[in-house]
file target.txt (compact mmCIF, C-alpha atoms and all ligand atoms)
# COMPACT_ATOMS: atom_id res chain seq x y z
CA MET A 1 18.05 -10.48 17.65
CA VAL A 2 16.39 -8.04 15.26
CA SER A 3 15.92 -4.48 16.51
CA CYS A 4 12.96 -2.19 15.97
CA ARG A 5 13.67 0.49 13.36
CA ILE A 6 11.97 3.06 15.61
CA CYS A 7 12.93 2.40 19.24
CA ARG A 8 15.69 -0.24 18.87
CA SER A 9 13.89 -2.69 21.20
CA SER A 10 14.02 -6.34 20.32
CA LEU A 11 11.32 -7.38 17.83
CA THR A 12 9.12 -10.45 18.13
CA PRO A 13 8.24 -12.36 14.94
CA PHE A 14 4.61 -13.45 14.57
CA LEU A 15 3.99 -14.37 10.93
CA SER A 16 6.18 -15.97 8.31
CA LEU A 17 5.06 -15.41 4.71
CA GLY A 18 7.91 -17.55 3.37
CA GLN A 19 10.43 -16.70 0.67
CA GLN A 20 9.07 -13.85 -1.43
CA PRO A 21 10.26 -12.15 -4.62
CA LEU A 22 10.19 -8.39 -5.33
CA ALA A 23 6.44 -7.74 -5.30
CA ASN A 24 6.36 -5.47 -8.34
CA HIS A 25 9.07 -7.15 -10.39
CA PHE A 26 7.10 -8.67 -13.26
CA LEU A 27 9.66 -10.55 -15.23
CA LYS A 28 10.67 -12.24 -18.48
CA PRO A 29 11.51 -15.99 -18.61
CA GLN A 30 15.23 -15.27 -19.01
CA GLU A 31 15.13 -13.60 -15.55
CA PHE A 32 13.54 -16.57 -13.75
CA GLU A 33 16.75 -18.27 -12.76
CA ALA A 34 18.39 -15.27 -11.10
CA GLU A 35 15.18 -13.97 -9.49
CA TYR A 36 15.72 -12.25 -6.14
CA PHE A 37 14.05 -13.75 -3.06
CA TYR A 38 14.09 -12.77 0.60
CA PRO A 39 12.33 -14.11 3.73
CA LEU A 40 9.16 -12.12 4.48
CA GLU A 41 8.87 -12.23 8.27
CA ILE A 42 6.43 -9.94 10.06
CA MET A 43 7.49 -8.61 13.47
CA PHE A 44 5.88 -6.69 16.32
CA CYS A 45 7.67 -4.30 18.64
CA PRO A 46 6.27 -4.79 22.16
CA PHE A 47 7.65 -1.38 23.19
CA CYS A 48 6.63 1.13 20.50
CA LYS A 49 3.98 -1.23 18.98
CA MET A 50 5.26 -0.81 15.42
CA VAL A 51 4.45 -3.70 13.10
CA GLN A 52 7.20 -4.08 10.51
CA ILE A 53 8.89 -6.52 8.18
CA MET A 54 12.22 -8.00 9.25
CA GLU A 55 14.22 -7.63 6.08
CA GLN A 56 13.76 -5.32 3.11
CA PRO A 57 15.46 -5.79 -0.28
CA PRO A 58 17.78 -2.94 -1.42
CA ALA A 59 15.81 0.15 -2.48
CA ASP A 60 17.30 0.27 -5.98
CA LEU A 61 15.91 -3.21 -6.72
CA MET A 62 12.40 -2.00 -5.85
CA TYR A 63 12.29 1.55 -7.30
CA HIS A 64 13.84 2.19 -10.69
CA GLU A 65 13.23 2.99 -14.36
CA GLU A 66 10.63 0.23 -14.79
CA TYR A 67 8.59 0.50 -11.62
CA ALA A 68 5.44 -1.40 -12.51
CA PHE A 69 2.95 0.37 -10.23
CA TYR A 70 1.11 3.35 -11.71
CA SER A 71 -1.21 4.95 -9.13
CA GLY A 72 -3.50 6.33 -11.81
CA THR A 73 -4.91 2.98 -13.04
CA SER A 74 -8.07 3.19 -10.94
CA SER A 75 -10.84 5.72 -11.59
CA HIS A 76 -11.96 5.30 -7.98
CA MET A 77 -8.48 6.29 -6.78
CA ARG A 78 -8.52 9.34 -9.07
CA ARG A 79 -11.70 10.57 -7.36
CA HIS A 80 -10.29 9.72 -3.95
CA PHE A 81 -7.22 11.88 -4.60
CA GLU A 82 -9.34 14.78 -5.87
CA ASP A 83 -11.14 14.74 -2.51
CA PHE A 84 -7.87 14.39 -0.60
CA ALA A 85 -6.40 17.43 -2.39
CA ALA A 86 -9.61 19.44 -1.91
CA GLN A 87 -9.37 18.85 1.85
CA VAL A 88 -5.69 19.87 1.98
CA LYS A 89 -6.32 22.99 -0.11
CA GLY A 90 -9.38 24.03 1.88
CA GLN A 91 -7.77 23.55 5.29
CA TYR A 92 -4.05 24.18 4.89
CA LEU A 93 -3.22 25.96 1.63
CA THR A 94 -5.36 29.04 2.07
CA GLY A 95 -2.53 31.57 2.49
CA PRO A 96 -0.83 33.45 -0.35
CA ASP A 97 1.80 31.57 -2.33
CA ALA A 98 1.19 28.28 -0.53
CA PHE A 99 3.61 25.42 -1.10
CA VAL A 100 2.77 21.70 -1.02
CA LEU A 101 5.38 18.95 -1.23
CA GLU A 102 4.46 15.38 -2.07
CA LEU A 103 6.76 12.51 -1.15
CA GLY A 104 6.58 9.60 -3.61
CA CYS A 105 4.21 11.28 -6.06
CA ASN A 106 4.24 8.33 -8.48
CA ASP A 107 2.47 9.33 -11.74
CA GLY A 108 1.06 12.51 -10.21
CA ILE A 109 -2.49 11.30 -9.59
CA LEU A 110 -2.69 13.27 -6.31
CA LEU A 111 -0.32 16.14 -7.07
CA GLN A 112 -2.10 17.12 -10.32
CA ASN A 113 -4.97 18.38 -8.17
CA PHE A 114 -2.71 21.11 -6.77
CA LEU A 115 -2.10 22.75 -10.15
CA ASP A 116 -4.10 25.80 -9.05
CA PRO A 117 -3.11 29.47 -9.31
CA GLY A 118 -1.59 30.59 -6.01
CA ILE A 119 -0.35 27.11 -5.06
CA ARG A 120 3.20 25.96 -5.69
CA HIS A 121 4.02 22.27 -5.70
CA LEU A 122 6.89 19.80 -5.87
CA GLY A 123 6.83 16.03 -6.16
CA VAL A 124 9.78 13.84 -5.20
CA GLU A 125 9.70 10.40 -6.81
CA PRO A 126 12.49 7.80 -7.01
CA SER A 127 11.15 5.75 -9.96
CA GLY A 128 12.04 7.33 -13.30
CA ASN A 129 9.18 6.05 -15.46
CA VAL A 130 6.37 7.15 -13.13
CA ALA A 131 8.15 10.46 -12.42
CA ARG A 132 8.12 11.12 -16.19
CA ALA A 133 4.41 10.28 -16.34
CA ALA A 134 3.84 12.90 -13.63
CA ARG A 135 5.89 15.49 -15.54
CA GLU A 136 3.77 14.80 -18.60
CA ARG A 137 0.84 16.07 -16.54
CA GLY A 138 2.69 19.37 -16.21
CA LEU A 139 3.99 18.73 -12.70
CA ILE A 140 7.34 19.69 -11.19
CA VAL A 141 8.95 16.43 -10.12
CA TRP A 142 12.43 15.65 -8.85
CA ASN A 143 13.37 12.09 -9.74
CA GLU A 144 15.19 11.29 -6.50
CA PHE A 145 14.91 9.21 -3.36
CA PHE A 146 13.72 11.53 -0.60
CA SER A 147 16.60 12.02 1.86
CA PRO A 148 17.84 14.68 4.31
CA ASP A 149 20.25 15.87 1.58
CA LEU A 150 17.30 17.13 -0.45
CA VAL A 151 15.94 19.32 2.35
CA PRO A 152 18.26 22.35 1.88
CA LYS A 153 17.71 22.20 -1.89
CA ILE A 154 13.94 22.17 -1.49
CA ILE A 155 14.06 25.07 0.98
CA ARG A 156 16.43 27.00 -1.33
CA ASP A 157 14.10 26.63 -4.34
CA PHE A 158 10.65 26.67 -2.72
CA GLY A 159 10.97 27.78 0.92
CA GLN A 160 9.33 25.87 3.77
CA ALA A 161 6.15 23.94 3.06
CA ASP A 162 2.60 24.60 4.24
CA ALA A 163 1.84 20.91 3.79
CA VAL A 164 3.82 17.76 3.09
CA VAL A 165 1.65 14.92 1.83
CA GLY A 166 2.21 11.25 1.07
CA ALA A 167 -0.22 8.53 0.03
CA ASN A 168 0.89 4.98 0.67
CA VAL A 169 4.44 6.28 0.91
CA LEU A 170 5.50 6.72 4.54
CA ASN A 171 5.08 2.96 5.04
CA HIS A 172 7.66 2.50 2.24
CA MET A 173 10.37 4.52 4.02
CA PRO A 174 12.55 2.43 6.37
CA GLU A 175 14.54 5.45 7.60
CA LEU A 176 11.57 7.03 9.38
CA ASP A 177 13.86 8.89 11.79
CA THR A 178 15.42 10.86 8.97
CA VAL A 179 12.00 11.53 7.42
CA PHE A 180 10.77 13.10 10.65
CA GLN A 181 14.02 15.05 11.11
CA SER A 182 13.55 16.36 7.58
CA LEU A 183 9.92 17.31 8.28
CA GLU A 184 11.10 19.32 11.26
CA LYS A 185 13.16 21.46 8.87
CA LEU A 186 10.79 21.46 5.93
CA LEU A 187 7.55 22.52 7.57
CA LYS A 188 6.56 26.07 8.48
CA PRO A 189 5.85 26.36 12.26
CA ASP A 190 2.13 25.55 12.06
CA ALA A 191 2.28 23.48 8.87
CA VAL A 192 1.05 19.91 8.60
CA ALA A 193 2.28 16.59 7.29
CA ILE A 194 -0.53 14.34 6.05
CA PHE A 195 0.12 10.69 5.42
CA GLU A 196 -2.38 8.13 4.27
CA ASP A 197 -1.34 4.50 4.70
CA PRO A 198 -2.93 1.04 5.06
CA TYR A 199 -4.31 0.80 8.59
CA LEU A 200 -3.43 -1.96 11.04
CA HIS A 201 -7.03 -2.46 12.20
CA ASP A 202 -8.28 -3.19 8.68
CA VAL A 203 -5.47 -5.64 8.01
CA MET A 204 -6.21 -7.40 11.32
CA ARG A 205 -9.99 -7.49 10.87
CA LEU A 206 -9.78 -8.73 7.26
CA GLY A 207 -6.88 -11.16 7.75
CA ALA A 208 -5.29 -9.16 4.92
CA TYR A 209 -1.78 -10.62 5.02
CA ASP A 210 -1.39 -9.40 1.42
CA GLN A 211 -0.65 -5.90 2.74
CA PHE A 212 2.79 -7.25 3.65
CA TYR A 213 5.38 -7.18 0.90
CA ASP A 214 8.89 -5.85 0.32
CA GLU A 215 7.89 -2.19 -0.20
CA HIS A 216 5.62 -2.01 2.86
CA VAL A 217 8.20 -1.91 5.62
CA PHE A 218 5.74 -0.62 8.28
CA LEU A 219 2.07 -1.20 9.01
CA PHE A 220 0.98 1.82 11.04
CA SER A 221 -1.58 2.17 13.79
CA LEU A 222 -2.42 5.20 15.82
CA GLN A 223 -0.38 3.81 18.72
CA SER A 224 2.78 3.42 16.60
CA MET A 225 2.21 6.71 14.76
CA ASP A 226 1.81 8.42 18.16
CA PHE A 227 5.14 6.99 19.27
CA VAL A 228 7.12 8.14 16.23
CA SER A 229 5.46 11.55 16.20
CA LYS A 230 6.21 12.14 19.87
CA LYS A 231 9.82 11.08 19.43
CA PHE A 232 10.31 14.01 17.03
CA GLY A 233 8.17 16.66 18.74
CA PHE A 234 5.10 16.11 16.54
CA GLU A 235 1.60 14.93 17.41
CA VAL A 236 -1.30 13.39 15.50
CA VAL A 237 -4.04 16.04 15.27
CA ALA A 238 -6.45 14.19 12.98
CA ALA A 239 -7.10 10.57 12.05
CA ASP A 240 -9.53 10.11 9.14
CA HIS A 241 -10.35 6.57 8.21
CA GLN A 242 -10.41 5.84 4.45
CA GLU A 243 -11.72 2.95 2.38
CA THR A 244 -8.74 2.83 0.03
CA HIS A 245 -6.36 -0.15 -0.09
CA GLY A 246 -8.88 -2.20 1.88
CA GLY A 247 -8.81 0.34 4.74
CA SER A 248 -6.35 3.16 5.34
CA MET A 249 -5.85 5.90 7.88
CA ARG A 250 -5.08 9.49 6.95
CA TYR A 251 -2.90 10.88 9.77
CA THR A 252 -2.45 14.63 10.04
CA LEU A 253 0.63 15.57 12.07
CA CYS A 254 2.01 18.88 13.21
CA ARG A 255 4.41 20.20 15.80
CA LYS A 256 3.08 19.54 19.28
CA GLY A 257 0.68 22.17 20.58
CA GLN A 258 0.29 24.04 17.26
CA ARG A 259 -3.24 22.87 16.45
CA SER A 260 -6.21 21.45 18.29
CA VAL A 261 -6.56 17.68 18.26
CA HIS A 262 -9.68 16.25 16.61
CA PRO A 263 -11.76 13.98 18.92
CA ASP A 264 -11.47 11.10 16.38
CA VAL A 265 -7.84 10.70 17.37
CA LYS A 266 -8.84 9.73 20.91
CA HIS A 267 -11.60 7.49 19.55
CA TRP A 268 -9.19 5.44 17.38
CA ARG A 269 -6.56 5.36 20.11
CA GLU A 270 -9.07 3.87 22.55
CA ARG A 271 -10.43 1.45 19.97
CA GLU A 272 -6.95 0.05 19.34
CA ILE A 273 -6.48 -0.59 23.07
CA GLU A 274 -9.95 -2.21 23.28
CA LEU A 275 -8.95 -4.50 20.40
CA LYS A 276 -5.69 -5.33 22.22
CA TYR A 277 -3.41 -4.20 19.42
CA ASP A 278 -0.82 -3.46 22.06
CA ARG A 279 -0.46 -7.20 22.82
CA LEU A 280 1.54 -9.85 21.01
CA GLU A 281 -1.27 -12.42 21.43
CA SER A 282 -3.47 -10.44 18.99
CA TYR A 283 -0.82 -10.77 16.29
CA GLN A 284 -0.29 -14.45 17.00
CA SER A 285 -3.99 -15.08 16.55
CA PHE A 286 -3.96 -13.00 13.32
CA ALA A 287 -1.13 -15.24 12.05
CA LYS A 288 -3.29 -18.33 12.62
CA THR A 289 -6.12 -16.72 10.62
CA CYS A 290 -3.70 -16.02 7.74
CA GLU A 291 -2.38 -19.57 7.73
CA SER A 292 -5.93 -20.98 7.65
CA SER A 293 -6.79 -18.59 4.82
CA ARG A 294 -3.75 -19.81 2.84
CA ASP A 295 -4.77 -23.46 3.35
CA ALA A 296 -8.39 -22.75 2.37
CA LEU A 297 -7.44 -20.92 -0.83
CA LEU A 298 -5.04 -23.61 -1.94
CA ALA A 299 -7.57 -26.36 -1.15
CA LEU A 300 -10.28 -24.54 -3.13
CA LEU A 301 -8.06 -24.06 -6.19
CA LYS A 302 -6.94 -27.69 -6.11
CA GLN A 303 -10.53 -28.87 -5.78
CA LEU A 304 -11.62 -26.75 -8.76
CA LYS A 305 -8.74 -28.07 -10.81
CA SER A 306 -9.67 -31.65 -9.97
CA GLN A 307 -13.19 -30.85 -11.20
CA GLY A 308 -11.75 -29.63 -14.50
CA LYS A 309 -12.74 -25.98 -13.93
CA ARG A 310 -10.74 -23.15 -15.48
CA VAL A 311 -9.65 -20.56 -12.89
CA VAL A 312 -7.80 -17.39 -13.95
CA ALA A 313 -6.70 -14.43 -11.85
CA TYR A 314 -7.49 -10.72 -12.21
CA ALA A 315 -5.17 -7.78 -11.30
CA ALA A 316 -1.44 -8.39 -11.18
CA THR A 317 -0.99 -6.60 -7.87
CA ALA A 318 1.89 -6.48 -5.41
CA LYS A 319 -0.63 -7.91 -2.95
CA GLY A 320 -1.16 -10.80 -5.35
CA THR A 321 2.57 -11.54 -5.27
CA THR A 322 2.34 -12.15 -1.52
CA VAL A 323 -0.79 -14.27 -1.95
CA SER A 324 0.52 -16.51 -4.73
CA ASN A 325 3.92 -17.05 -3.14
CA PHE A 326 2.62 -17.58 0.40
CA CYS A 327 -0.05 -20.02 -0.80
CA GLY A 328 2.12 -21.74 -3.40
CA ILE A 329 -0.11 -20.93 -6.39
CA GLY A 330 1.54 -21.20 -9.81
CA PRO A 331 0.52 -21.64 -13.45
CA GLU A 332 -0.55 -25.24 -12.80
CA LEU A 333 -3.52 -23.84 -10.83
CA ILE A 334 -3.92 -20.41 -12.45
CA PRO A 335 -2.90 -20.43 -16.13
CA CYS A 336 -3.04 -16.66 -16.59
CA LEU A 337 -3.51 -13.32 -14.88
CA TYR A 338 -5.32 -10.34 -16.45
CA ASP A 339 -4.20 -6.75 -15.79
CA SER A 340 -4.64 -3.31 -17.33
CA THR A 341 -1.00 -2.12 -16.85
CA PRO A 342 0.92 -2.27 -20.17
CA LEU A 343 4.28 -2.64 -18.34
CA LYS A 344 3.11 -5.88 -16.69
CA GLN A 345 1.50 -7.44 -19.77
CA GLY A 346 3.54 -10.04 -21.67
CA LYS A 347 5.59 -10.68 -18.52
CA PHE A 348 5.23 -13.20 -15.68
CA SER A 349 4.17 -12.66 -12.09
CA PRO A 350 6.99 -12.47 -9.52
CA GLY A 351 7.90 -15.82 -7.98
CA SER A 352 4.82 -17.66 -9.17
CA HIS A 353 5.55 -17.05 -12.90
CA ILE A 354 1.96 -16.82 -14.08
CA PRO A 355 1.70 -15.12 -17.50
CA VAL A 356 0.16 -11.63 -17.37
CA LEU A 357 -2.26 -10.77 -20.18
CA ASP A 358 -4.03 -7.58 -21.19
CA ALA A 359 -7.24 -7.17 -19.17
CA VAL A 360 -9.22 -6.51 -22.35
CA GLY A 361 -8.90 -10.25 -23.17
CA PHE A 362 -10.69 -11.29 -19.95
CA LYS A 363 -14.11 -10.94 -21.59
CA ASP A 364 -13.24 -13.63 -24.13
CA ASP A 365 -11.68 -16.06 -21.65
CA PRO A 366 -13.98 -19.04 -21.04
CA ALA A 367 -12.90 -19.26 -17.36
CA GLU A 368 -15.55 -20.40 -14.89
CA TYR A 369 -13.77 -18.75 -11.95
CA ALA A 370 -11.56 -15.68 -11.48
CA LEU A 371 -9.43 -15.05 -8.40
CA LEU A 372 -9.52 -11.32 -7.68
CA LEU A 373 -6.07 -10.19 -6.52
CA ALA A 374 -7.18 -6.58 -6.00
CA PRO A 375 -10.07 -7.00 -3.54
CA ASN A 376 -9.69 -3.28 -2.75
CA HIS A 377 -10.87 -2.50 -6.30
CA ALA A 378 -13.68 -5.09 -6.28
CA ARG A 379 -16.50 -2.62 -6.92
CA GLU A 380 -14.74 -0.99 -9.87
CA ILE A 381 -13.61 -4.29 -11.41
CA PHE A 382 -16.97 -6.04 -10.94
CA ALA A 383 -18.67 -3.12 -12.68
CA LYS A 384 -16.15 -3.13 -15.53
CA GLU A 385 -16.36 -6.91 -15.96
CA LYS A 386 -20.06 -7.43 -15.31
CA SER A 387 -20.43 -9.69 -18.35
CA PHE A 388 -18.30 -12.32 -16.53
CA ALA A 389 -20.84 -12.69 -13.71
CA GLN A 390 -23.74 -12.38 -16.18
CA ARG A 391 -22.54 -15.42 -18.09
CA GLY A 392 -22.22 -17.41 -14.84
CA GLY A 393 -18.56 -16.64 -13.99
CA ARG A 394 -17.72 -16.75 -10.29
CA TRP A 395 -15.30 -14.49 -8.45
CA ILE A 396 -13.04 -15.92 -5.75
CA LEU A 397 -11.89 -13.54 -3.00
CA HIS A 398 -9.34 -14.33 -0.30
CA VAL A 399 -10.46 -11.60 2.11
CA PRO A 400 -12.09 -11.22 4.59
CA ARG A 401 -11.93 -15.03 4.30
CA VAL A 402 -11.79 -17.27 1.24
CA HIS A 403 -15.20 -17.10 -0.45
CA VAL A 404 -16.86 -17.39 -3.86
CA LEU A 405 -19.35 -14.94 -5.35
CA GLU A 406 -21.99 -15.95 -7.87
CA ASP A 407 -23.94 -13.07 -9.34
CA GLY A 408 -22.80 -10.89 -6.41
CA LYS A 409 -23.91 -13.40 -3.76
CA GLU A 410 -21.64 -15.49 -1.60
CA ILE A 411 -22.04 -19.21 -2.29
CA THR A 412 -19.36 -20.71 -0.03
P1 LIG A 501 -3.60 -2.02 -6.40
O1 LIG A 501 -4.51 -2.64 -5.40
O2 LIG A 501 -3.39 -0.56 -6.27
O3 LIG A 501 -2.21 -2.79 -6.45
P2 LIG A 501 -1.01 -3.08 -5.45
O4 LIG A 501 -1.33 -4.28 -4.60
O5 LIG A 501 0.09 -3.38 -6.42
O6 LIG A 501 -0.80 -1.84 -4.62
O7 LIG A 501 -4.17 -2.37 -7.86
C1 LIG A 501 -3.52 -1.90 -9.00
C2 LIG A 501 -3.37 -3.05 -10.00
O8 LIG A 501 -4.64 -3.56 -10.35
C3 LIG A 501 -2.68 -2.63 -11.28
O9 LIG A 501 -1.78 -3.67 -11.67
C4 LIG A 501 -3.80 -2.54 -12.29
C5 LIG A 501 -4.81 -3.51 -11.76
N1 LIG A 501 -6.17 -3.11 -12.10
C6 LIG A 501 -6.77 -3.64 -13.26
O10 LIG A 501 -6.15 -4.45 -13.98
N2 LIG A 501 -8.05 -3.23 -13.57
C7 LIG A 501 -8.73 -2.35 -12.81
O11 LIG A 501 -9.89 -2.00 -13.12
C8 LIG A 501 -8.12 -1.81 -11.63
C9 LIG A 501 -8.84 -0.84 -10.76
C10 LIG A 501 -6.83 -2.23 -11.32
call {"tool": "encode", "arguments": {"input": "target.txt", "output": "C-alpha cells"}}
result
Amino acid sequence: MVSCRICRSSLTPFLSLGQQPLANHFLKPQEFEAEYFYPLEIMFCPFCKMVQIMEQPPADLMYHEEYAFYSGTSSHMRRHFEDFAAQVKGQYLTGPDAFVLELGCNDGILLQNFLDPGIRHLGVEPSGNVARAARERGLIVWNEFFSPDLVPKIIRDFGQADAVVGANVLNHMPELDTVFQSLEKLLKPDAVAIFEDPYLHDVMRLGAYDQFYDEHVFLFSLQSMDFVSKKFGFEVVAADHQETHGGSMRYTLCRKGQRSVHPDVKHWREREIELKYDRLESYQSFAKTCESSRDALLALLKQLKSQGKRVVAYAATAKGTTVSNFCGIGPELIPCLYDSTPLKQGKFSPGSHIPVLDAVGFKDDPAEYALLLAPNHAREIFAKEKSFAQRGGRWILHVPRVHVLEDGKEIT
C-alpha cells in the first residue's frame, strides 16, 4: 500500500507511464549503461484528491550543478514573469521596505523583476548552475534546497516576508507539510504565498500525460490545494488561470480570514466538481486517453518511417522525456532532436538516447516532419521556425490528441 503524502490515506494507481529516466538528465554515451530508471506510476488520493506520482528519485540526482532546465529560454515566459511580478508588486509589495522570497528561482527570470528600489528580495535555488545564472543578473540567491532549517536564517537576515512566490516549484516539493509549516513562520500576518503550477483540469482536458515526470511530484487542483491549505490554517483567496505550461493555475494563499476570497475561487471549485475530478473514474478514463494517444503517436511515426519520410523532434524538454519513453520512441524513428539549450546540445535524450543538436541547425535539416515536444511553446517556436512550414514541413503534435499541421492547418 502506498500512502498519500498529504493525508496518509491509501493511494489508488490509475496510469502507468512505464520505466522512466531522470527527465532532465541529458547524457553522454558513456553514461548509457548506468542510467537511472524508476517506475512512473500516477496515483489519486480518494480522500484529499491529490494527484501524485508514486516514487520520486533522490533529490540530488535531479537538482545539481548541471541542471539542464533554464527558465529564461522562452521570450514568452519572460513576458509572463514580468506580468506576474507586476501583479505581486502592485497588490502585495506596496509597503515600505517590502520583502519577497522566491522558492526555486532558477535563473532568476521572475525574481529579476523585483530589483526595484524599496523592494528586498531573496531567491533560494538548489541547482548551482542556474543559481549562478541568477546571481549574474544581480540577484541575491542562496544555493540551497529550501527546508525548515533555512527559515530562521531567512528571518534573521531579511525579516518576515510580504510575499513568497514560486513558479512551477511547489509541485516539485514532496515534503509539502514542511513547506506549509515554514510558510506559517515566514509570512507576515496578512502576507501571501503565490504559487503557479500546471493545473489538473488542463492536463485532463488535453490528455497531457507529459506533465508527469520525476520532478513533478504533485499535480494540483483547487480541491487538493484547498485541502493542504486548510490543514495548515491557510486558505486559497485567488485562483488565476494561466496559459503557461499548457495551462497553469496561480493560487494565492494566506492565513484563513486575513483577506477576502475572490469569486473565481468558488467558480473553479464548482467546475472541478462538475467535471468529476473528485472521482477515480475520471482518472481511469484519462488513462485510457493517454494510452490511445501513445499508440497513435507510435503508429504515425512507424507509418512515416515506412514511407521513407524523415521525422526529427524539436525541443528537448522534460515533457519529451516522458513522451519518448512512454511511447517507446528512439533514434530509429527520430534521428535527432533540436534544442536551444547549450547544456543539452551534444548530449543524448534521457532513456531514448536521441542526439540533441543546436536548434540553429533545424533550418538546414531536410526533415519533412518535426515532432514538437514543447507544445506549450508552439506559438513562439512556429514563429521562429516559420521557414520550415513555408517549405512544406509538417509539425506533429501529441496534444490535445496526435495530429499533424501543414501550413498551420490540421491535416489528420
Ligand atoms: P519547457 O516546456 O519549459 O520544458 P520542460 O518540459 O523541460 O519544462 O521548454 C523548454 C525547452 O524547450 C528548453 O529545452 C529549450 C526548448 N526551447 C527551444 O529549443 N526553442 C524555443 O524557442 C523554446 C521556447 C524552447
call {"tool": "axis_aligned_box", "arguments": {"input": "target.txt", "around": "ligand LIG 501 (chain A)", "padding_each_side": "6 Å", "output": "AutoDock Vina command-line options"}}
result
--center_x -4.9 --center_y -2.5 --center_z -9.3 --size_x 22.0 --size_y 15.9 --size_z 21.4
call {"tool": "atom_distance", "arguments": {"input": "target.txt", "atom1": "atom C5 of ligand LIG 501 (chain A)", "atom2": "CA of Arg78 (chain A)"}}
result
13.6 Å
call {"tool": "atom_distance", "arguments": {"input": "target.txt", "atom1": "CA of Ser387 (chain A)", "atom2": "CA of Asp339 (chain A)"}}
result
16.7 Å
call {"tool": "residues_near_ligand", "arguments": {"input": "target.txt", "ligand": "ligand LIG 501 (chain A)", "cutoff": "7 Å", "atoms": "all atoms listed in the file", "output": "number ranges by chain"}}
result
A: 24, 69, 71, 73-75, 245, 314-320, 338-341, 359, 374, 376-377, 380-381, 384
call {"tool": "atom_distance", "arguments": {"input": "target.txt", "atom1": "CA of Gly308 (chain A)", "atom2": "CA of Lys347 (chain A)"}}
result
26.0 Å
